[in-house]
file my_file21.cif (mmCIF, C-alpha atoms and all ligand atoms)
data_start
loop_
_atom_site.label_atom_id
_atom_site.label_comp_id
_atom_site.auth_asym_id
_atom_site.auth_seq_id
_atom_site.Cartn_x
_atom_site.Cartn_y
_atom_site.Cartn_z
CA CYS B 1 110.20 68.41 86.67
CA GLU B 2 111.83 65.45 85.00
CA ASN B 3 109.56 63.08 86.90
CA THR B 4 106.26 64.63 85.91
CA LYS B 5 104.39 63.47 82.86
CA PRO B 6 104.07 66.30 80.32
CA THR B 7 100.42 65.66 79.53
CA GLY B 8 99.06 69.22 79.50
CA PRO B 9 99.23 72.59 81.12
CA ILE B 10 98.43 71.29 84.57
CA ASP B 11 101.42 69.02 84.60
CA THR B 12 103.66 71.39 82.72
CA THR B 13 102.83 74.31 84.98
CA MET B 14 103.55 72.09 87.97
CA CYS B 15 107.15 72.16 86.85
CA ASP B 16 107.06 75.91 87.16
CA TYR B 17 105.94 76.42 90.74
CA GLU B 18 109.58 76.77 91.68
CA THR B 19 110.04 79.37 88.93
CA VAL B 20 107.09 81.36 90.23
CA GLU B 21 108.54 81.10 93.74
CA SER B 22 111.90 82.31 92.51
CA VAL B 23 110.51 85.44 90.83
CA ASN B 24 107.65 86.30 93.16
CA GLY B 25 109.65 88.48 95.56
CA GLU B 26 110.80 90.72 92.72
CA LEU B 27 107.44 90.53 90.99
CA PHE B 28 105.63 91.64 94.12
CA THR B 29 108.01 94.55 94.72
CA ASN B 30 107.43 95.83 91.18
CA ILE B 31 103.73 95.21 90.83
CA HIS B 32 103.04 96.62 94.29
CA GLU B 33 104.50 99.93 93.09
CA LEU B 34 102.82 99.69 89.70
CA VAL B 35 99.30 99.45 91.14
CA LYS B 36 99.86 102.73 92.99
CA MET B 37 100.21 104.61 89.70
CA PRO B 38 97.12 106.69 88.74
CA PHE B 39 96.32 104.57 85.70
CA PHE B 40 96.04 101.40 87.79
CA LYS B 41 94.63 102.65 91.06
CA TYR B 42 91.35 104.23 89.93
CA PHE B 43 88.58 101.83 89.03
CA GLN B 44 85.07 102.72 88.04
CA VAL B 45 82.34 100.18 88.66
CA ASP B 46 78.64 100.03 89.40
CA LEU B 47 78.58 98.13 92.69
CA TYR B 48 74.84 98.41 93.11
CA ARG B 49 73.32 96.52 90.21
CA ASP B 50 70.52 94.07 90.97
CA CYS B 51 71.50 90.50 91.75
CA PRO B 52 70.15 88.53 88.77
CA PHE B 53 69.84 85.25 90.67
CA TRP B 54 67.86 85.91 93.86
CA ASP B 55 66.22 88.81 95.74
CA ASP B 56 67.30 88.41 99.34
CA TYR B 57 71.04 88.83 99.08
CA GLY B 58 71.25 90.71 102.34
CA SER B 59 73.93 93.16 103.29
CA CYS B 60 76.93 93.18 105.53
CA ASN B 61 76.46 95.73 108.31
CA ASN B 62 79.96 95.20 109.60
CA PRO B 63 82.01 98.43 109.26
CA GLY B 64 84.70 96.29 107.59
CA CYS B 65 82.43 95.81 104.58
CA ALA B 66 81.99 99.55 103.97
CA ILE B 67 83.83 101.34 101.22
CA THR B 68 84.40 104.95 100.23
CA THR B 69 84.27 106.37 96.75
CA VAL B 70 86.51 109.02 95.26
CA ASP B 71 85.22 112.11 93.55
CA GLU B 72 85.40 112.03 89.75
CA SER B 73 87.47 115.24 89.81
CA GLU B 74 90.35 113.27 91.40
CA VAL B 75 90.48 110.90 88.46
CA PRO B 76 92.70 112.03 85.56
CA LEU B 77 90.50 113.54 82.87
CA LYS B 78 91.48 111.02 80.24
CA TRP B 79 90.12 108.08 82.24
CA ARG B 80 86.76 109.53 83.20
CA ALA B 81 83.57 107.84 82.03
CA SER B 82 82.68 110.56 79.55
CA ALA B 83 85.97 110.08 77.70
CA LEU B 84 85.79 106.29 77.90
CA SER B 85 82.28 105.98 76.56
CA LYS B 86 83.53 107.44 73.29
CA VAL B 87 85.97 104.55 72.98
CA ASP B 88 83.31 102.03 74.03
CA ALA B 89 81.01 103.20 71.29
CA LEU B 90 83.45 101.58 68.87
CA VAL B 91 83.01 98.13 70.40
CA GLU B 92 81.26 95.69 68.10
CA ASN B 93 79.05 92.61 68.67
CA ARG B 94 77.79 93.69 72.06
CA HIS B 95 75.21 91.66 73.98
CA GLU B 96 73.66 94.12 76.39
CA LEU B 97 71.71 94.29 79.62
CA PRO B 98 71.14 97.57 81.47
CA GLY B 99 74.53 98.76 82.70
CA CYS B 100 76.66 95.97 81.26
CA TYR B 101 77.53 93.98 78.15
CA TYR B 102 79.78 91.30 76.74
CA ARG B 103 81.30 90.70 73.33
CA ASP B 104 81.45 87.23 71.78
CA SER B 105 85.11 86.86 72.69
CA ASP B 106 84.63 87.91 76.35
CA PHE B 107 84.65 85.59 79.34
CA CYS B 108 82.90 88.22 81.50
CA TRP B 109 80.19 90.84 81.64
CA LEU B 110 81.78 94.28 81.51
CA ASP B 111 80.46 97.54 82.87
CA ASP B 112 79.41 99.94 80.17
CA ASN B 113 80.95 102.89 82.02
CA THR B 114 77.79 104.94 82.01
CA GLU B 115 77.10 104.49 85.71
CA GLY B 116 79.05 103.60 88.77
CA ASP B 117 81.41 105.27 91.19
CA TYR B 118 85.18 105.60 91.22
CA TYR B 119 87.26 103.77 93.81
CA ASP B 120 90.89 104.24 94.74
CA LEU B 121 92.03 100.62 95.04
CA THR B 122 95.07 101.52 97.12
CA LEU B 123 92.67 102.58 99.89
CA VAL B 124 90.70 99.32 99.85
CA PRO B 125 92.86 96.42 100.99
CA GLU B 126 91.46 92.93 100.52
CA ARG B 127 91.27 91.62 104.07
CA PHE B 128 88.94 90.34 106.78
CA THR B 129 85.58 92.12 106.61
CA GLY B 130 83.37 89.86 108.71
CA TYR B 131 81.23 88.86 105.71
CA SER B 132 80.44 85.19 106.33
CA GLY B 133 77.69 82.70 107.12
CA PRO B 134 74.96 81.29 104.87
CA GLU B 135 74.93 84.26 102.48
CA ALA B 136 78.66 84.06 101.72
CA HIS B 137 78.37 80.26 101.47
CA ARG B 138 75.50 80.56 99.00
CA ILE B 139 77.67 82.69 96.69
CA TRP B 140 80.53 80.20 96.75
CA ARG B 141 78.16 77.25 96.32
CA THR B 142 76.51 78.93 93.32
CA ILE B 143 79.90 79.63 91.76
CA TYR B 144 81.02 76.00 92.15
CA GLU B 145 77.67 74.74 90.89
CA GLU B 146 77.95 77.03 87.88
CA ASN B 147 80.50 74.47 86.89
CA CYS B 148 77.89 72.35 85.17
CA PHE B 149 80.60 70.24 83.61
CA GLY B 150 79.51 68.08 86.53
CA LEU B 151 82.60 68.66 88.61
CA SER B 152 81.77 70.01 92.03
CA GLU B 153 83.76 69.64 95.16
CA PHE B 154 81.23 71.57 97.13
CA SER B 155 80.31 68.36 98.89
CA LEU B 156 83.35 69.36 100.88
CA MET B 157 81.20 72.09 102.29
CA ASP B 158 79.86 70.42 105.37
CA GLY B 159 80.17 73.52 107.51
CA LYS B 160 82.94 72.01 109.64
CA ALA B 161 86.45 73.37 109.68
CA PRO B 162 88.87 70.69 108.51
CA ALA B 163 91.18 69.27 111.15
CA PRO B 164 94.44 71.22 111.20
CA VAL B 165 97.30 69.26 109.76
CA THR B 166 100.84 70.28 108.92
CA LEU B 167 101.59 73.44 107.05
CA PRO B 168 103.27 72.60 103.76
CA ASP B 169 106.71 74.11 103.74
CA THR B 170 108.13 72.68 100.57
CA MET B 171 106.87 72.65 97.06
CA THR B 172 106.84 68.86 97.13
CA ASP B 173 104.19 69.02 99.85
CA VAL B 174 102.24 71.54 97.86
CA LEU B 175 102.29 69.33 94.80
CA ARG B 176 101.56 66.12 96.61
CA GLU B 177 97.86 66.08 95.88
CA ASP B 178 95.61 67.39 93.18
CA GLY B 179 92.05 67.97 94.38
CA ALA B 180 90.36 68.15 90.98
CA ASP B 181 89.04 64.80 89.79
CA SER B 182 91.59 63.39 87.38
CA ASP B 183 88.87 61.51 85.44
CA GLN B 184 87.51 64.83 84.21
CA CYS B 185 88.73 66.36 80.98
CA LEU B 186 91.40 69.02 81.12
CA GLU B 187 89.06 71.97 80.53
CA LYS B 188 86.73 70.95 83.37
CA ARG B 189 89.63 70.58 85.75
CA VAL B 190 90.98 73.97 84.71
CA TYR B 191 87.62 75.58 85.46
CA TYR B 192 87.59 74.12 88.96
CA LYS B 193 91.22 75.10 89.59
CA VAL B 194 90.60 78.70 88.53
CA ILE B 195 87.63 79.06 90.92
CA SER B 196 89.17 77.18 93.81
CA GLY B 197 92.42 79.14 93.37
CA LEU B 198 90.54 82.46 93.49
CA HIS B 199 88.67 81.31 96.60
CA ALA B 200 91.97 80.25 98.20
CA SER B 201 93.64 83.56 97.38
CA ILE B 202 90.77 85.53 98.93
CA SER B 203 90.95 83.28 102.02
CA THR B 204 94.72 83.87 102.25
CA HIS B 205 94.15 87.64 102.31
CA ILE B 206 91.50 87.24 105.01
CA CYS B 207 93.87 85.18 107.18
CA ALA B 208 96.86 87.46 106.51
CA GLU B 209 94.96 90.56 107.63
CA TYR B 210 92.59 89.22 110.22
CA LEU B 211 90.72 91.25 112.84
CA ASN B 212 90.90 89.74 116.30
CA GLN B 213 87.42 90.69 117.43
CA THR B 214 88.34 90.31 121.11
CA THR B 215 91.38 92.59 121.14
CA GLY B 216 90.46 94.74 118.13
CA GLU B 217 93.93 94.13 116.66
CA TRP B 218 94.75 93.31 113.05
CA GLY B 219 97.34 90.66 112.24
CA SER B 220 98.15 87.28 110.69
CA ASN B 221 96.00 84.38 111.85
CA LEU B 222 97.92 81.15 111.37
CA GLN B 223 95.07 78.89 112.49
CA CYS B 224 92.79 80.52 109.91
CA PHE B 225 95.38 79.78 107.21
CA VAL B 226 95.85 76.18 108.38
CA ASN B 227 92.08 75.56 108.42
CA ARG B 228 91.28 77.18 105.09
CA ILE B 229 94.38 76.53 102.98
CA ALA B 230 97.22 74.51 104.43
CA SER B 231 95.07 71.53 105.37
CA HIS B 232 94.02 71.35 101.70
CA PRO B 233 97.36 71.54 99.85
CA GLU B 234 95.69 71.47 96.45
CA ARG B 235 94.17 74.90 97.21
CA LEU B 236 97.62 76.40 97.58
CA GLN B 237 98.59 74.67 94.37
CA TYR B 238 95.67 76.42 92.63
CA ILE B 239 96.87 79.84 93.81
CA TYR B 240 100.09 79.10 91.92
CA PHE B 241 98.04 77.82 89.00
CA ASN B 242 96.12 81.11 88.70
CA THR B 243 99.32 83.10 89.12
CA VAL B 244 100.94 81.24 86.22
CA LEU B 245 97.82 81.73 84.09
CA LEU B 246 97.81 85.49 84.77
CA LEU B 247 101.56 85.76 84.20
CA ARG B 248 101.24 84.00 80.87
CA ALA B 249 98.50 86.43 79.81
CA VAL B 250 100.68 89.41 80.80
CA ALA B 251 103.63 87.89 78.92
CA ARG B 252 101.50 87.40 75.77
CA LEU B 253 100.23 90.96 76.11
CA GLY B 254 103.81 92.28 76.45
CA PRO B 255 103.94 94.23 73.15
CA TYR B 256 100.33 95.41 73.54
CA LEU B 257 100.84 96.65 77.11
CA SER B 258 104.19 98.23 76.23
CA ALA B 259 102.51 100.33 73.53
CA TYR B 260 99.47 101.25 75.66
CA ASP B 261 98.83 104.93 76.46
CA TYR B 262 99.14 105.33 80.25
CA CYS B 263 99.40 109.10 80.14
CA SER B 264 97.43 109.74 83.27
CA SER B 265 97.63 113.41 84.07
CA GLY B 266 98.85 114.66 80.77
CA THR B 267 102.55 114.45 81.63
CA HIS B 268 105.01 112.12 79.95
CA GLN B 269 106.70 111.74 83.33
CA ASP B 270 103.74 109.66 84.61
CA ASP B 271 103.60 107.65 81.46
CA SER B 272 107.28 106.72 81.49
CA GLU B 273 107.27 105.86 85.20
CA THR B 274 104.28 103.57 84.74
CA LYS B 275 105.85 101.97 81.67
CA GLU B 276 109.17 101.39 83.41
CA LYS B 277 107.51 99.50 86.27
CA LEU B 278 105.27 97.63 83.86
CA LEU B 279 108.21 96.52 81.71
CA ASN B 280 109.81 94.94 84.79
CA VAL B 281 106.57 93.05 85.45
CA ILE B 282 106.33 91.90 81.81
CA HIS B 283 109.93 90.73 81.91
CA LEU B 284 109.26 88.61 85.01
CA ALA B 285 106.01 87.33 83.49
CA GLN B 286 107.97 86.14 80.47
CA GLN B 287 110.26 84.15 82.77
CA ALA B 288 107.61 82.55 84.96
CA GLY B 289 104.40 82.50 82.91
CA LYS B 290 104.89 79.00 81.53
CA PHE B 291 101.28 78.04 80.90
CA ASP B 292 100.62 75.91 77.84
CA GLU B 293 97.30 77.31 76.64
CA GLY B 294 97.69 75.39 73.37
CA ALA B 295 96.88 72.14 75.20
CA LEU B 296 93.34 73.32 75.96
CA PHE B 297 90.29 73.55 73.72
CA ARG B 298 91.77 71.55 70.89
CA GLY B 299 89.93 68.23 71.01
CA GLU B 300 86.85 67.01 69.22
CA ASN B 301 84.37 69.27 71.08
CA ALA B 302 86.77 72.16 71.51
CA ASN B 303 84.44 74.94 70.40
CA VAL B 304 81.47 73.66 72.38
CA LEU B 305 83.60 73.32 75.51
CA LYS B 306 85.03 76.81 75.06
CA GLU B 307 81.57 78.35 74.66
CA GLU B 308 80.39 76.47 77.77
CA PHE B 309 83.44 77.65 79.68
CA LYS B 310 82.73 81.26 78.64
CA ILE B 311 79.06 81.09 79.63
CA HIS B 312 79.94 79.70 83.06
CA PHE B 313 82.61 82.26 83.68
CA ARG B 314 80.38 85.12 82.52
CA ASN B 315 77.79 83.92 85.03
CA VAL B 316 80.44 83.97 87.75
CA THR B 317 81.09 87.63 86.96
CA ARG B 318 77.34 88.33 87.30
CA ILE B 319 77.07 86.39 90.58
CA MET B 320 79.39 89.05 92.00
CA ASP B 321 76.38 91.43 91.97
CA CYS B 322 74.86 89.18 94.66
CA VAL B 323 77.76 89.51 97.13
CA GLY B 324 76.30 91.29 100.17
CA CYS B 325 79.48 93.13 101.24
CA ASP B 326 80.59 96.18 99.26
CA LYS B 327 84.31 95.69 99.72
CA CYS B 328 84.15 91.96 98.91
CA ARG B 329 81.98 92.71 95.87
CA LEU B 330 84.48 95.27 94.57
CA TRP B 331 87.41 92.84 94.77
CA GLY B 332 85.22 89.98 93.55
CA LYS B 333 84.32 91.99 90.46
CA ILE B 334 87.88 93.12 89.80
CA GLN B 335 89.36 89.65 90.17
CA THR B 336 86.76 87.83 88.10
CA THR B 337 87.23 90.49 85.40
CA GLY B 338 91.02 90.12 85.66
CA ILE B 339 90.88 86.33 85.29
CA ALA B 340 88.33 86.62 82.48
CA THR B 341 90.67 89.01 80.66
CA ALA B 342 93.54 86.53 81.04
CA LEU B 343 91.33 83.70 79.70
CA LYS B 344 90.35 85.85 76.71
CA VAL B 345 93.98 86.72 75.98
CA LEU B 346 95.01 83.05 76.16
CA PHE B 347 92.12 81.36 74.41
CA GLU B 348 90.54 83.92 72.08
CA LEU B 349 93.19 86.27 70.74
CA ASP B 350 95.90 85.31 68.28
CA GLU B 351 99.21 87.10 67.75
CA LYS B 352 97.78 89.19 64.93
CA THR B 353 94.87 90.41 67.05
CA LEU B 354 97.24 91.24 69.90
CA ASP B 355 99.26 93.56 67.67
CA PRO B 356 99.04 97.02 69.30
CA HIS B 357 99.48 98.83 66.00
CA THR B 358 96.55 97.24 64.23
CA ASN B 359 94.33 96.82 67.28
CA ALA B 360 95.03 99.62 69.78
CA ASN B 361 91.52 99.46 71.32
CA LEU B 362 91.55 95.71 71.81
CA LEU B 363 91.17 95.89 75.59
CA GLN B 364 89.10 98.30 77.64
CA ARG B 365 91.01 100.23 80.27
CA ALA B 366 88.98 98.38 82.95
CA GLU B 367 90.27 95.04 81.61
CA VAL B 368 93.92 96.15 81.74
CA VAL B 369 93.49 97.59 85.26
CA ALA B 370 91.67 94.46 86.47
CA LEU B 371 94.28 92.10 84.99
CA ILE B 372 97.21 93.84 86.66
CA ASN B 373 95.43 94.32 90.00
CA THR B 374 94.40 90.64 90.01
CA LEU B 375 97.98 89.55 89.40
CA HIS B 376 98.99 91.87 92.24
CA ARG B 377 96.49 90.14 94.58
CA PHE B 378 97.79 86.66 93.71
CA SER B 379 101.42 87.73 94.03
CA GLU B 380 100.52 89.22 97.41
CA SER B 381 98.88 85.93 98.44
CA LEU B 382 102.12 84.08 97.64
CA GLU B 383 104.04 86.60 99.76
CA ALA B 384 101.57 85.96 102.58
CA VAL B 385 102.05 82.19 102.21
CA ASN B 386 105.80 82.71 102.73
CA GLU B 387 105.07 84.77 105.81
CA PHE B 388 102.85 81.97 107.18
CA ARG B 389 105.67 79.50 106.51
CA ARG B 390 108.01 81.72 108.54
CA ILE B 391 105.52 81.99 111.42
CA TRP B 392 105.06 78.21 111.35
CA ALA B 393 108.82 77.60 111.35
CA ASP B 394 109.31 80.00 114.29
CA LEU B 395 106.55 78.27 116.24
CA SER B 396 107.96 74.84 115.49
CA ALA B 397 111.43 75.98 116.60
CA THR B 398 110.16 77.17 119.99
CA GLU B 399 108.17 73.99 120.70
P1 LIG B 401 84.15 79.81 102.91
O1 LIG B 401 85.42 80.46 102.46
O2 LIG B 401 82.88 80.60 102.82
O3 LIG B 401 84.00 78.47 102.08
C1 LIG B 401 82.78 77.71 102.09
C2 LIG B 401 83.12 76.23 101.87
O4 LIG B 401 83.76 76.07 100.60
C3 LIG B 401 84.13 75.68 102.90
O5 LIG B 401 83.47 75.17 104.02
C4 LIG B 401 84.84 74.61 102.10
O6 LIG B 401 84.16 73.38 102.16
C5 LIG B 401 84.78 75.10 100.66
N1 LIG B 401 86.03 75.77 100.29
C6 LIG B 401 86.69 76.75 100.98
N2 LIG B 401 87.77 77.15 100.28
C7 LIG B 401 87.80 76.41 99.16
C8 LIG B 401 88.67 76.36 98.06
N3 LIG B 401 89.72 77.20 97.95
N4 LIG B 401 88.43 75.45 97.10
C9 LIG B 401 87.37 74.62 97.16
N5 LIG B 401 86.48 74.63 98.16
C10 LIG B 401 86.70 75.51 99.16
N6 LIG B 401 85.39 87.86 103.46
C11 LIG B 401 86.26 88.75 103.99
O7 LIG B 401 86.46 88.77 105.21
N7 LIG B 401 86.96 89.62 103.19
C12 LIG B 401 86.81 89.63 101.84
O8 LIG B 401 87.43 90.44 101.13
C13 LIG B 401 85.89 88.69 101.26
N8 LIG B 401 85.70 88.65 99.93
C14 LIG B 401 84.78 87.78 99.41
C15 LIG B 401 84.56 87.78 98.03
C16 LIG B 401 83.62 86.93 97.50
C17 LIG B 401 83.38 86.94 96.01
C18 LIG B 401 82.87 86.04 98.35
C19 LIG B 401 81.82 85.12 97.78
C20 LIG B 401 83.10 86.05 99.70
C21 LIG B 401 84.05 86.90 100.25
N9 LIG B 401 84.31 86.91 101.62
C22 LIG B 401 85.19 87.80 102.13
C23 LIG B 401 83.75 85.88 102.49
C24 LIG B 401 84.75 84.71 102.62
O9 LIG B 401 85.15 84.24 101.34
C25 LIG B 401 84.15 83.51 103.37
O10 LIG B 401 82.94 83.13 102.77
C26 LIG B 401 83.94 83.80 104.86
O11 LIG B 401 85.15 84.24 105.45
C27 LIG B 401 83.46 82.53 105.59
O12 LIG B 401 84.46 81.53 105.48
P2 LIG B 401 84.23 80.01 105.78
O13 LIG B 401 85.41 79.51 106.56
O14 LIG B 401 82.88 79.79 106.36
O15 LIG B 401 84.32 79.23 104.38
#

call {"tool": "encode", "arguments": {"input": "my_file21.cif", "output": "structure tokens", "more": "lines below"}}
Ligand code: FAD
result
Amino acid sequence: CENTKPTGPIDTTMCDYETVESVNGELFTNIHELVKMPFFKYFQVDLYRDCPFWDDYGSCNNPGCAITTVDESEVPLKWRASALSKVDALVENRHELPGCYYRDSDFCWLDDNTEGDYYDLTLVPERFTGYSGPEAHRIWRTIYEENCFGLSEFSLMDGKAPAPVTLPDTMTDVLREDGADSDQCLEKRVYYKVISGLHASISTHICAEYLNQTTGEWGSNLQCFVNRIASHPERLQYIYFNTVLLLRAVARLGPYLSAYDYCSSGTHQDDSETKEKLLNVIHLAQQAGKFDEGALFRGENANVLKEEFKIHFRNVTRIMDCVGCDKCRLWGKIQTTGIATALKVLFELDEKTLDPHTNANLLQRAEVVALINTLHRFSESLEAVNEFRRIWADLSATE
């Protein structure tokens, strides 16, 4: 830490990779339990809205892409659409399209809770589905190109797997290289890191739960991880970057989340159990969420840059409607909503707005659920990275 130049959040968060590492085991244990609670496990979303960008978005016929819904009667009454739409009616400054809307402060399009099915997220692991090829590539390319700050590393996308190199096993290796162009301004680099980090986290899940199509067995695929992540150390760095960003948002939301009503089936028992687990997560987020949001959006063109950033990220949330695999689309929507919620908390809401007593309806339930489930996914990716390090070390020892 002493050797890095404190020139902004990227450098300052670099100092905190070790802190994230040191808390992640405990964080994962707690958040893994938290997301099983009724409040956090049911998510309502319309997965079948039209893709606004092109017609032929295809579909994944692989059974791995399929997903099952849960009946509304399983969802605690309080969180059903009919009850939620009453709360939504209070939302001001809405910009609407059929089925979705955003408010001026939002970084994403949100569902308006009038349509869409319920999913039990604990039954839908993010893992290999078989969705791949030109259609999946087109989505990623469009997302990177949405970055019209002019920073695109998609030239990397030559269709060839990078040559396997060593798996980074120390944080020094992970920090050795920063893929985003250092000539770009901070905000543009942050945009790229957020997207690349999300892509890397999804890839880590795919490699950690990979289907061997010859044997039909599920398991870790080290070569997949080496090709997609370890041979590009900056991608692993961006997983940490997103984790710190999400942790900082949860830390800032501490008082708001602590006062939130989680009463899921009408019993205080549920509410207190959920709160107890959540308080542990908030406590860890306060230790490790060292992201300096104050260093962003403060220069000459701060407001213009922030509006641009929002427009791009909102488009990313809409591109998710073009993903041709139901399961991937579900997690794509949840995670882009979760990151967008974190960005809103960090860059749009001041301490006064975050006060739960004056602003109890500040966040929609879907935003809170998406934020926590997204942090869970990133924490799980870091656990998987450790597992890959262990597999690599065992292999190296036997050679
Ligand atoms: P891709 O991951 O498709 O990447 C395309 C190109 O982008 C690469 O060739 C490389 O040049 C570049 N690239 C790769 N990673 C990064 C990075 N981190 N940063 C910068 N550039 C990068 N598949 C599943 O099996 N399960 C899922 O749950 C799943 N969810 C998905 C969710 C979304 C939103 C999308 C768009 C796709 C999802 N997919 C999922 C598909 C998956 O992401 C890959 O597209 C697929 O596995 C094919 O991988 P690939 O090796 O061809 O490269």

call {"tool": "closest_residue", "arguments": {"input": "my_file21.cif", "among": "B:Arg365, B:His205, B:Lys352, B:Lys277", "to": "ligand LIG 401 (chain B)", "atoms": "only C-alpha atoms and all ligand atoms"}}
result
B:His205

call {"tool": "atom_distance", "arguments": {"input": "my_file21.cif", "atom1": "atom CA of B:Thr337", "atom2": "atom CA of B:Leu121"}}
result
14.8 Å

call {"tool": "residues_around", "arguments": {"input": "my_file21.cif", "residues": "stretch 311-319 of chain B", "least_positions_apart": "5", "cutoff": "9 Å", "atoms": "all atoms listed in the file", "output": "list in words"}}
result
Cys51, Pro52, Phe53, Tyr102, Asp106, Phe107, Cys108, Trp109, Leu110, Ile139, Thr142, Ile143, Glu146, Asn147, Cys148, Tyr191, Lys306, Gly332, Lys333, Thr336, Thr337 and Ala340 of chain B

call {"tool": "residues_around", "arguments": {"input": "my_file21.cif", "residues": "stretch 63-76 of chain B", "least_positions_apart": "5", "cutoff": "8 Å", "atoms": "all atoms listed in the file", "output": "PyMOL selection string"}}
result
chain B and resi 38+42+117-120+124+128-131+264-265+325-328

call {"tool": "atom_distance", "arguments": {"input": "my_file21.cif", "atom1": "atom CA of B:Thr243", "atom2": "atom CA of B:Ser220"}}
result
22.0 Å

call {"tool": "residues_near_point", "arguments": {"input": "my_file21.cif", "point": "(88.4, 76.6, 90.8)", "cutoff": "10 Å", "atoms": "only C-alpha atoms", "output": "list of chain:residue names"}}
result
B:Ile143, B:Tyr144, B:Asn147, B:Ser152, B:Glu153, B:Ala180, B:Lys188, B:Arg189, B:Val190, B:Tyr191, B:Tyr192, B:Lys193, B:Val194, B:Ile195, B:Ser196, B:Gly197, B:Leu198, B:His199, B:Ala200, B:Arg235, B:Tyr238, B:Ile239, B:Phe241, B:Asn242

call {"tool": "axis_aligned_box", "arguments": {"input": "my_file21.cif", "around": "stretch 47-55 of chain B", "padding_each_side": "8 Å", "output": "AutoDock Vina command-line options"}}
result
--center_x 72.4 --center_y 91.8 --center_z 92.3 --size_x 28.4 --size_y 29.2 --size_z 23.0

call {"tool": "atom_distance", "arguments": {"input": "my_file21.cif", "atom1": "atom CA of B:Cys263", "atom2": "atom CA of B:Lys275"}}
result
9.7 Å

call {"tool": "closest_residue", "arguments": {"input": "my_file21.cif", "among": "B:Val281, B:Leu236, B:Ala302, B:Leu382", "to": "ligand LIG 401 (chain B)", "atoms": "only C-alpha atoms and all ligand atoms"}}
result
B:Leu236

call {"tool": "closest_residue", "arguments": {"input": "my_file21.cif", "among": "B:Val226, B:Ala136, B:Ile391, B:Ile334", "to": "ligand LIG 401 (chain B)", "atoms": "only C-alpha atoms and all ligand atoms"}}
result
B:Ala136

call {"tool": "closest_residue", "arguments": {"input": "my_file21.cif", "among": "B:Cys322, B:Val385, B:Cys185, B:Ile282", "to": "ligand LIG 401 (chain B)", "atoms": "only C-alpha atoms and all ligand atoms"}}
result
B:Cys322

call {"tool": "closest_residue", "arguments": {"input": "my_file21.cif", "among": "B:Met37, B:Ala285, B:Leu330, B:Ala342", "to": "ligand LIG 401 (chain B)", "atoms": "all atoms listed in the file"}}
result
B:Leu330

call {"tool": "closest_residue", "arguments": {"input": "my_file21.cif", "among": "B:His95, B:His357, B:Arg377, B:Arg80", "to": "ligand LIG 401 (chain B)", "atoms": "all atoms listed in the file"}}
result
B:Arg377
